[in-house]
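Data file: final-v9.cif. Format and content: mmCIF, C-alpha atoms.
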```cif
data_start
loop_
_atom_site.label_atom_id
_atom_site.label_comp_id
_atom_site.auth_asym_id
_atom_site.auth_seq_id
_atom_site.Cartn_x
_atom_site.Cartn_y
_atom_site.Cartn_z
CA MET D 1 22.30 27.76 13.37
CA THR D 2 22.32 24.31 11.73
CA GLU D 3 22.67 24.43 7.96
CA LYS D 4 19.71 22.97 6.07
CA PRO D 5 20.80 22.45 2.46
CA TRP D 6 17.31 21.25 1.50
CA ALA D 7 15.66 24.54 2.54
CA GLY D 8 13.62 25.95 -0.33
CA ARG D 9 14.13 22.87 -2.52
CA LYS D 10 11.29 21.08 -4.29
CA LEU D 11 10.18 17.52 -3.54
CA LEU D 12 7.80 15.93 -6.04
CA LEU D 13 5.82 12.84 -4.99
CA LEU D 14 4.28 10.90 -7.87
CA SER D 15 1.49 8.40 -7.18
CA GLY D 16 -1.00 6.86 -9.58
CA PRO D 17 -4.18 4.86 -10.16
CA MET D 18 -4.84 1.10 -9.78
CA GLY D 19 -5.79 0.93 -6.10
CA THR D 20 -5.42 3.38 -3.23
CA GLY D 21 -2.16 2.03 -1.79
CA HIS D 22 0.09 4.01 -4.14
CA VAL D 23 -1.69 7.24 -3.23
CA GLN D 24 -1.61 6.47 0.49
CA ALA D 25 2.14 5.84 0.30
CA SER D 26 2.73 9.27 -1.27
CA LYS D 27 0.44 10.94 1.26
CA ALA D 28 2.35 9.28 4.10
CA LEU D 29 5.63 10.57 2.68
CA GLU D 30 4.06 14.01 2.20
CA LYS D 31 2.95 14.21 5.83
CA THR D 32 6.27 12.91 7.16
CA ALA D 33 8.20 15.35 4.96
CA SER D 34 6.10 18.28 6.18
CA LEU D 35 6.93 17.30 9.78
CA ASN D 36 10.63 16.48 9.34
CA TYR D 37 11.56 18.93 6.55
CA PRO D 38 9.17 21.90 6.82
CA GLU D 39 11.57 23.99 4.70
CA LEU D 40 10.88 21.82 1.63
CA ASN D 41 8.38 22.75 -1.05
CA ILE D 42 6.33 19.55 -1.36
CA THR D 43 4.02 18.63 -4.25
CA HIS D 44 2.04 15.40 -4.51
CA LEU D 45 0.77 14.60 -8.00
CA ASN D 46 -1.41 11.63 -8.91
CA VAL D 47 -0.32 11.00 -12.50
CA ALA D 48 -3.88 9.99 -13.42
CA GLU D 49 -4.46 13.75 -13.75
CA MET D 50 -2.10 13.75 -16.74
CA MET D 51 -3.80 10.86 -18.55
CA THR D 52 -6.12 11.07 -21.53
CA PRO D 53 -9.72 10.08 -20.63
CA GLY D 54 -9.37 6.66 -22.29
CA LEU D 55 -6.11 5.82 -20.55
CA ARG D 56 -7.46 7.00 -17.20
CA MET D 57 -10.53 4.81 -17.67
CA PHE D 58 -8.30 1.80 -18.39
CA PHE D 59 -6.26 2.30 -15.22
CA THR D 60 -9.33 2.88 -13.02
CA ASP D 61 -12.77 1.65 -14.12
CA ILE D 62 -11.61 -1.09 -16.50
CA TYR D 63 -8.92 -2.24 -14.07
CA HIS D 64 -11.47 -2.58 -11.26
CA PHE D 65 -13.95 -4.32 -13.57
CA ILE D 66 -11.29 -6.88 -14.53
CA LEU D 67 -10.37 -7.50 -10.89
CA ARG D 68 -14.00 -8.04 -9.89
CA HIS D 69 -15.28 -10.04 -12.85
CA LEU D 70 -12.30 -11.35 -14.84
CA PRO D 71 -9.54 -12.10 -12.30
CA GLY D 72 -8.04 -14.71 -14.63
CA LEU D 73 -7.47 -12.03 -17.27
CA TRP D 74 -5.66 -9.83 -14.76
CA TYR D 75 -3.51 -12.79 -13.67
CA TYR D 76 -2.55 -13.37 -17.31
CA MET D 77 -1.70 -9.69 -17.80
CA TYR D 78 0.36 -9.62 -14.60
CA THR D 79 2.32 -12.82 -15.18
CA SER D 80 2.88 -12.42 -18.93
CA SER D 81 4.27 -8.91 -18.45
CA ASN D 82 6.52 -9.96 -15.56
CA VAL D 83 9.46 -10.46 -17.91
CA SER D 84 12.52 -8.57 -19.10
CA PRO D 85 11.65 -5.56 -21.31
CA ARG D 86 13.27 -7.40 -24.23
CA ARG D 87 10.43 -9.96 -24.11
CA LEU D 88 7.38 -7.77 -23.51
CA PRO D 89 4.02 -9.19 -24.68
CA LEU D 90 2.04 -7.49 -27.45
CA PHE D 91 -0.48 -5.80 -25.14
CA ARG D 92 2.35 -4.03 -23.27
CA ARG D 93 3.86 -2.81 -26.53
CA VAL D 94 0.46 -1.48 -27.59
CA MET D 95 0.14 0.22 -24.19
CA PHE D 96 3.44 2.05 -24.74
CA ARG D 97 2.02 3.59 -27.92
CA TRP D 98 -1.33 4.41 -26.29
CA ARG D 99 0.25 6.36 -23.45
CA ARG D 100 2.60 8.62 -25.46
CA THR D 101 0.43 11.70 -24.85
CA PHE D 102 0.40 10.99 -21.13
CA GLU D 103 4.18 10.54 -21.03
CA SER D 104 4.71 13.82 -22.88
CA ARG D 105 2.39 15.70 -20.51
CA LEU D 106 4.11 14.27 -17.43
CA LEU D 107 7.63 15.02 -18.63
CA ASP D 108 6.63 18.54 -19.75
CA TRP D 109 5.15 19.15 -16.28
CA ILE D 110 8.36 17.99 -14.59
CA GLU D 111 10.49 20.19 -16.85
CA ARG D 112 8.32 23.24 -16.10
CA HIS D 113 8.37 22.78 -12.32
CA GLN D 114 12.01 21.65 -12.02
CA PRO D 115 11.82 19.55 -8.81
CA ASP D 116 15.05 18.78 -6.97
CA TYR D 117 13.89 15.34 -5.81
CA ILE D 118 11.29 12.96 -7.23
CA ILE D 119 9.86 9.97 -5.35
CA CYS D 120 7.57 7.61 -7.30
CA THR D 121 5.19 5.36 -5.34
CA HIS D 122 3.67 3.96 -8.55
CA PHE D 123 5.39 1.94 -11.26
CA LEU D 124 4.08 4.07 -14.14
CA PRO D 125 5.83 7.40 -13.43
CA ALA D 126 8.97 5.47 -12.43
CA GLU D 127 8.91 3.71 -15.80
CA VAL D 128 8.33 6.95 -17.73
CA ILE D 129 11.15 8.76 -15.92
CA GLY D 130 13.44 5.74 -16.32
CA LYS D 131 12.99 5.92 -20.10
CA ALA D 132 13.48 9.71 -20.06
CA LYS D 133 16.74 9.29 -18.17
CA GLU D 134 17.99 6.84 -20.79
CA SER D 135 17.37 9.44 -23.48
CA GLY D 136 18.90 12.23 -21.37
CA ARG D 137 15.70 14.27 -21.15
CA ILE D 138 15.40 14.11 -17.35
CA ASN D 139 18.32 14.46 -14.94
CA THR D 140 16.46 14.97 -11.65
CA MET D 141 17.37 12.55 -8.86
CA THR D 142 14.52 10.02 -8.83
CA ALA D 143 13.64 7.29 -6.34
CA SER D 144 11.18 4.43 -6.79
CA VAL D 145 9.23 2.95 -3.86
CA VAL D 146 7.80 -0.55 -4.35
CA THR D 147 4.55 -0.79 -2.36
CA ASP D 148 4.28 -4.59 -2.30
CA PHE D 149 6.14 -7.48 -0.70
CA SER D 150 6.99 -8.96 -4.07
CA LEU D 151 8.69 -7.58 -7.18
CA HIS D 152 7.44 -7.20 -10.75
CA TRP D 153 9.82 -6.57 -13.64
CA VAL D 154 8.13 -3.21 -14.35
CA TYR D 155 9.96 -1.75 -11.34
CA ILE D 156 13.35 -2.56 -12.84
CA GLN D 157 14.49 0.86 -14.09
CA PRO D 158 18.30 0.81 -13.68
CA LYS D 159 18.71 4.49 -14.62
CA LEU D 160 16.90 5.67 -11.49
CA GLU D 161 19.12 6.66 -8.58
CA LEU D 162 17.37 4.97 -5.62
CA PHE D 163 15.03 2.06 -4.91
CA PHE D 164 13.17 1.28 -1.69
CA VAL D 165 11.79 -2.20 -1.07
CA ALA D 166 10.01 -4.05 1.72
CA ASN D 167 12.33 -6.99 2.37
CA HIS D 168 15.66 -8.71 1.66
CA ASP D 169 14.14 -11.09 -0.91
CA MET D 170 13.08 -8.17 -3.11
CA SER D 171 16.47 -6.52 -2.71
CA LEU D 172 18.24 -9.63 -3.98
CA ILE D 173 15.86 -10.14 -6.92
CA MET D 174 16.16 -6.49 -7.93
CA HIS D 175 19.96 -6.70 -7.85
CA LEU D 176 20.00 -9.93 -9.89
CA ARG D 177 17.84 -8.18 -12.49
CA GLY D 178 20.38 -5.47 -13.08
CA VAL D 179 20.01 -2.77 -10.41
CA ALA D 180 23.26 -1.82 -8.64
CA ARG D 181 23.27 -3.05 -5.03
CA GLU D 182 24.20 0.37 -3.61
CA LYS D 183 21.01 1.86 -5.06
CA ILE D 184 18.70 -0.51 -3.14
CA TYR D 185 17.48 0.20 0.40
CA ILE D 186 15.36 -2.13 2.54
CA THR D 187 13.04 0.27 4.37
CA GLY D 188 9.58 -1.25 4.23
CA CYS D 189 6.60 0.56 2.69
CA PRO D 190 5.85 4.18 3.69
CA ILE D 191 2.99 4.56 6.15
CA PHE D 192 1.54 7.44 8.17
CA PRO D 193 3.32 8.27 11.45
CA GLU D 194 0.17 7.46 13.43
CA PHE D 195 0.65 3.73 12.78
CA ALA D 196 4.07 3.84 14.42
CA ARG D 197 2.94 5.17 17.80
CA GLU D 198 2.17 3.10 20.89
CA TYR D 199 -1.43 3.15 22.16
CA THR D 200 -1.95 2.76 25.91
CA PRO D 201 -5.07 1.17 27.43
CA GLU D 202 -6.20 4.70 28.34
CA ASP D 203 -5.74 5.78 24.68
CA LYS D 204 -7.91 2.90 23.52
CA LYS D 205 -10.68 3.71 26.00
CA ARG D 206 -10.64 7.32 24.84
CA LEU D 207 -10.77 6.27 21.19
CA ARG D 208 -13.80 4.07 21.77
CA ARG D 209 -15.61 7.03 23.30
CA GLU D 210 -14.61 9.34 20.45
CA LEU D 211 -15.65 6.81 17.81
CA GLU D 212 -18.92 6.09 19.69
CA LEU D 213 -18.20 2.38 20.01
CA PRO D 214 -19.03 0.06 22.93
CA PRO D 215 -16.35 0.14 25.65
CA ASP D 216 -15.86 -3.63 26.03
CA ASN D 217 -16.58 -5.32 22.68
CA PRO D 218 -13.61 -7.31 21.29
CA PHE D 219 -13.30 -6.01 17.72
CA VAL D 220 -12.17 -7.82 14.58
CA MET D 221 -11.52 -5.35 11.75
CA VAL D 222 -12.56 -6.64 8.31
CA MET D 223 -11.49 -4.69 5.22
CA MET D 224 -11.05 -5.32 1.52
CA GLY D 225 -9.11 -2.23 0.42
CA GLY D 226 -10.27 1.24 -0.55
CA GLU D 227 -12.20 -0.04 -3.59
CA ASN D 228 -13.67 -2.98 -1.64
CA ILE D 229 -12.74 -5.77 -4.03
CA GLY D 230 -13.48 -8.86 -1.96
CA ARG D 231 -16.10 -10.63 0.13
CA LEU D 232 -16.54 -8.12 2.95
CA ARG D 233 -20.13 -9.11 3.64
CA GLU D 234 -19.51 -12.87 3.58
CA ILE D 235 -16.40 -12.65 5.76
CA SER D 236 -18.13 -10.41 8.31
CA GLU D 237 -21.13 -12.73 8.42
CA THR D 238 -18.92 -15.80 8.89
CA VAL D 239 -17.06 -14.19 11.80
CA LEU D 240 -20.27 -13.03 13.49
CA ASP D 241 -22.02 -16.40 13.09
CA SER D 242 -19.04 -18.56 14.05
CA PHE D 243 -17.79 -16.52 17.01
CA PRO D 244 -20.73 -15.15 19.05
CA GLY D 245 -18.49 -13.26 21.48
CA VAL D 246 -16.78 -11.21 18.76
CA SER D 247 -17.80 -7.91 17.16
CA VAL D 248 -16.85 -6.70 13.68
CA LEU D 249 -15.69 -3.34 12.35
CA ALA D 250 -16.59 -3.59 8.65
CA MET D 251 -14.45 -1.06 6.75
CA THR D 252 -16.30 -0.30 3.51
CA GLY D 253 -13.77 2.13 2.02
CA ASN D 254 -14.94 4.26 -0.88
CA SER D 255 -17.96 2.08 -1.74
CA ARG D 256 -21.24 3.69 -0.72
CA LYS D 257 -23.09 0.67 -2.07
CA VAL D 258 -21.24 -1.72 0.23
CA TYR D 259 -21.71 0.68 3.16
CA ARG D 260 -25.48 0.63 2.60
CA GLN D 261 -25.44 -3.18 2.39
CA MET D 262 -23.51 -3.48 5.64
CA THR D 263 -25.80 -0.96 7.34
CA ASP D 264 -28.82 -3.09 6.36
CA MET D 265 -27.01 -6.19 7.64
CA GLN D 266 -26.31 -4.41 10.93
CA LYS D 267 -29.94 -4.95 11.94
CA GLU D 268 -29.29 -8.70 12.08
CA TYR D 269 -26.35 -8.23 14.48
CA PRO D 270 -27.26 -5.41 16.89
CA ASN D 271 -24.34 -4.07 18.91
CA ARG D 272 -21.96 -6.49 17.14
CA LEU D 273 -21.59 -5.21 13.56
CA PHE D 274 -20.32 -1.67 12.98
CA PRO D 275 -19.92 -0.49 9.36
CA VAL D 276 -17.34 2.25 8.82
CA GLY D 277 -17.17 4.23 5.57
CA TYR D 278 -14.14 6.06 4.21
CA THR D 279 -12.12 7.34 7.14
CA ARG D 280 -8.85 9.09 7.86
CA ARG D 281 -8.75 7.45 11.28
CA MET D 282 -7.87 3.94 10.17
CA HIS D 283 -5.05 3.87 12.73
CA ASP D 284 -7.53 4.59 15.54
CA TYR D 285 -9.91 1.84 14.47
CA MET D 286 -6.98 -0.55 14.17
CA ALA D 287 -5.72 0.42 17.61
CA ILE D 288 -8.96 -0.72 19.28
CA SER D 289 -9.05 -3.99 17.34
CA TYR D 290 -7.22 -7.18 18.27
CA LEU D 291 -7.28 -8.82 14.80
CA VAL D 292 -7.47 -7.69 11.17
CA ILE D 293 -8.91 -9.74 8.31
CA SER D 294 -7.94 -8.16 5.01
CA LYS D 295 -6.78 -8.44 1.44
CA PRO D 296 -2.96 -8.40 1.52
CA GLY D 297 -2.34 -5.01 -0.08
CA GLY D 298 1.20 -3.84 0.59
CA ILE D 299 0.30 -0.66 2.50
CA THR D 300 -2.43 -2.31 4.60
CA VAL D 301 -0.06 -5.10 5.55
CA SER D 302 2.68 -2.58 6.42
CA GLU D 303 0.27 -0.70 8.69
CA CYS D 304 -0.61 -3.93 10.49
CA LEU D 305 3.04 -4.90 10.86
CA ALA D 306 3.87 -1.47 12.31
CA MET D 307 1.18 -1.94 14.96
CA LYS D 308 2.14 -5.61 15.54
CA MET D 309 -1.44 -6.48 14.60
CA PRO D 310 -2.28 -10.17 13.91
CA ILE D 311 -3.61 -10.56 10.36
CA ILE D 312 -5.66 -13.13 8.49
CA VAL D 313 -5.24 -12.48 4.78
CA MET D 314 -8.06 -13.45 2.43
CA ASP D 315 -9.19 -12.81 -1.14
CA PRO D 316 -5.83 -11.66 -2.54
CA ILE D 317 -5.84 -10.19 -6.03
CA ARG D 318 -4.26 -12.79 -8.28
CA GLY D 319 -0.66 -11.91 -8.99
CA HIS D 320 0.92 -9.32 -6.70
CA GLU D 321 -1.36 -9.82 -3.69
CA GLU D 322 -1.08 -13.61 -3.93
CA LYS D 323 2.68 -13.16 -3.70
CA ASN D 324 2.23 -10.84 -0.73
CA ALA D 325 0.08 -13.46 1.01
CA ASN D 326 2.59 -16.23 0.38
CA TYR D 327 5.44 -14.08 1.69
CA LEU D 328 3.54 -13.25 4.88
CA ALA D 329 2.48 -16.84 5.53
CA THR D 330 5.96 -18.23 4.81
CA HIS D 331 7.58 -15.84 7.27
CA GLY D 332 4.98 -16.32 10.00
CA LEU D 333 3.69 -12.77 9.73
CA ALA D 334 0.05 -13.62 9.01
CA ALA D 335 -2.38 -16.49 8.63
CA PHE D 336 -3.59 -17.16 5.09
CA SER D 337 -7.21 -18.33 4.94
CA GLU D 338 -8.00 -19.56 1.43
CA CYS D 339 -11.71 -20.20 2.00
CA MET D 340 -14.58 -19.59 4.43
CA SER D 341 -14.25 -23.13 5.79
CA ASP D 342 -10.74 -22.27 6.98
CA LEU D 343 -12.01 -19.14 8.69
CA ARG D 344 -14.82 -20.97 10.50
CA ILE D 345 -12.46 -23.41 12.23
CA MET D 346 -9.64 -20.97 13.05
CA ASP D 347 -9.21 -19.81 16.62
CA ILE D 348 -9.85 -16.08 16.38
CA GLU D 349 -10.83 -15.49 19.98
CA PRO D 350 -8.76 -12.77 21.73
CA GLY D 351 -5.41 -14.07 22.98
CA ALA D 352 -5.17 -17.08 20.64
CA THR D 353 -1.68 -18.64 20.66
CA TRP D 354 -1.08 -18.12 16.94
CA MET D 355 -1.84 -14.42 17.27
CA ARG D 356 0.84 -14.01 19.94
CA MET D 357 3.32 -15.86 17.71
CA VAL D 358 2.50 -13.66 14.70
CA SER D 359 2.80 -10.45 16.73
CA SER D 360 6.19 -11.59 18.00
CA ASN D 361 7.42 -12.37 14.48
CA GLN D 362 6.16 -9.04 13.18
CA TYR D 363 8.48 -7.12 15.50
CA ASN D 364 11.48 -7.81 13.23
CA TYR D 365 9.59 -6.92 10.03
CA ARG D 366 7.58 -3.89 11.10
CA TYR D 367 9.68 -1.05 9.55
CA HIS D 368 7.45 1.47 11.31
CA ASP D 369 9.80 4.34 10.40
CA ALA D 370 9.90 3.60 6.64
CA SER D 371 8.66 7.07 5.62
CA THR D 372 11.30 8.79 7.73
CA ASN D 373 14.12 6.59 6.45
CA ILE D 374 13.12 6.91 2.78
CA LEU D 375 13.08 10.71 3.00
CA LYS D 376 16.38 10.81 4.87
CA VAL D 377 18.13 8.76 2.17
CA VAL D 378 16.61 10.87 -0.64
CA ILE D 379 17.36 14.25 0.94
CA GLU D 380 20.93 13.29 1.88
CA TRP D 381 21.72 11.48 -1.36
CA GLU D 382 23.12 14.51 -3.16
CA GLY D 383 25.62 15.26 -0.39
CA GLN D 384 26.85 11.67 -0.42
CA GLN D 385 27.61 11.88 -4.15
CA SER D 386 29.84 14.95 -3.85
#
```

The structure in this file should be written as structure tokens.
Amino acid sequence: MTEKPWAGRKLLLLSGPMGTGHVQASKALEKTASLNYPELNITHLNVAEMMTPGLRMFFTDIYHFILRHLPGLWYYMYTSSNVSPRRLPLFRRVMFRWRRTFESRLLDWIERHQPDYIICTHFLPAEVIGKAKESGRINTMTASVVTDFSLHWVYIQPKLELFFVANHDMSLIMHLRGVAREKIYITGCPIFPEFAREYTPEDKKRLRRELELPPDNPFVMVMMGGENIGRLREISETVLDSFPGVSVLAMTGNSRKVYRQMTDMQKEYPNRLFPVGYTRRMHDYMAISYLVISKPGGITVSECLAMKMPIIVMDPIRGHEEKNANYLATHGLAAFSECMSDLRIMDIEPGATWMRMVSSNQYNYRYHDASTNILKVVIEWEGQQS
């Protein structure tokens, strides 16, 4: 019988607020771990549960309000804090004081449950544990997963044991900022196993029947993230008006308001516009589409790359998503449409030449087995140190 040294050990996955990507990354790791390492005891904790009400409101409601109505303020906060810890701006220093109760709760929880491995898919728990390691309070092996295609200084926590990034550029920047090269692994962002599978024409026909969608419509999927921060309605309308032969799957995420708006709009485009609310079958909807138009969130982009799905990125959040968009466009992995006028004149009919080029380029950047590789490195790390 093969020895399984991880049997009975505890894996703690720490995600957090500020968008759904961090949570989805932890859930993808959780599912992959349950399949590959069923002997592990797996816990997924969203650290928002440990926050005081005021702090939780800042990282959720206030954060989303700023993104929707004051994007310039968010850009200032992102860029001004993207510096070495020795030069942190005043608002970051104030934040450190504000979150002391949260940090204490999180560290107390970790000490009570004594996990053997910790994987952080959000910068906040990684930062808290990094500080605790400096003081000697926490000794648990901890890994940090960066869920974007660019790097912010907040992820630089040299006391952590492992770091997982999406590309070589990030690996180099992280190393130049003080993280030992042997700690950094280029794996891509963790995604659910379903995005890594191949879908046959028969699979796609079956999925259309299951999802109650027309059998022959060419679908463009339009989505603006789980919180729907972007111009979903305007983009969908532009596609439908400019390309009469195309249908749209409008993914409204967690927003019931946007879902109702798109349902009302559906009357203007019968049998061409199909609103879809929150779903756990994103991979199935993507499989029957030939093009995705989306904000360039790190996890969404990784899912598209895994499926070799042509992407048009639009409405990036200023800061990290702008950097994601620039990376994708520079490496020929997506088209970057900065305005509706660009979208109207682009060739988005099925089989367009640029889509074939993008799909070909994506093959070398798809990292469809990121979740598996991250877990393998983490679980085997201890044995490599002995």

### Task
Expand the PyMOL selection byres ((chain D and resi 214-226) around 9) into the individual residues it matches in the shown file, reporting them as an MDAnalysis selection string.
chainID D and resid 19:21 205 208:209 212:213 227:232 235:236 239 245:255 271:272 278 285:286 288:297 300 314:315 348:350

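Distance check against Tyr199 in chain D using only C-alpha atoms: of D:Gly72, D:Leu107, D:Met174, D:Lys308, the minimum falls on D:Lys308.
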
## Note on the structure
Judged by all atoms listed in the file, the minimum distance to Pro85 in chain D among D:Glu127, D:Asp61, D:Glu3, D:Asp342 is found for D:Glu127

Show me the residues close to (-1.0, -10.9, 15.8) - anything with an atom within 6 Å, counting all atoms listed in the file - and format the list as a PDB file with C-alpha atoms, in the frame of the given file.
```pdb
ATOM      1  CA  MET D 309      -1.440  -6.480  14.600  1.00  0.00           C
ATOM      2  CA  PRO D 310      -2.280 -10.170  13.910  1.00  0.00           C
ATOM      3  CA  MET D 355      -1.840 -14.420  17.270  1.00  0.00           C
ATOM      4  CA  ARG D 356       0.840 -14.010  19.940  1.00  0.00           C
ATOM      5  CA  VAL D 358       2.500 -13.660  14.700  1.00  0.00           C
ATOM      6  CA  SER D 359       2.800 -10.450  16.730  1.00  0.00           C
TER       7      SER D 359
END
```

### Summary
Students should find that CA of Glu39 in chain D and CA of Phe192 in chain D are spaced 19.7 Å

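Among the candidates D:Gly178, D:Gly188, D:Gly332, D:Pro115, the residue lying nearest to Val145 in chain D is D:Gly188 (atoms considered: all atoms listed in the file).
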
### Query
Where does the PyMOL selection byres ((chain D and resi 40-44) around 6) land in this file, that is, which residues does it pick, as a PyMOL selection string?
chain D and resi 7-13+37-39+45
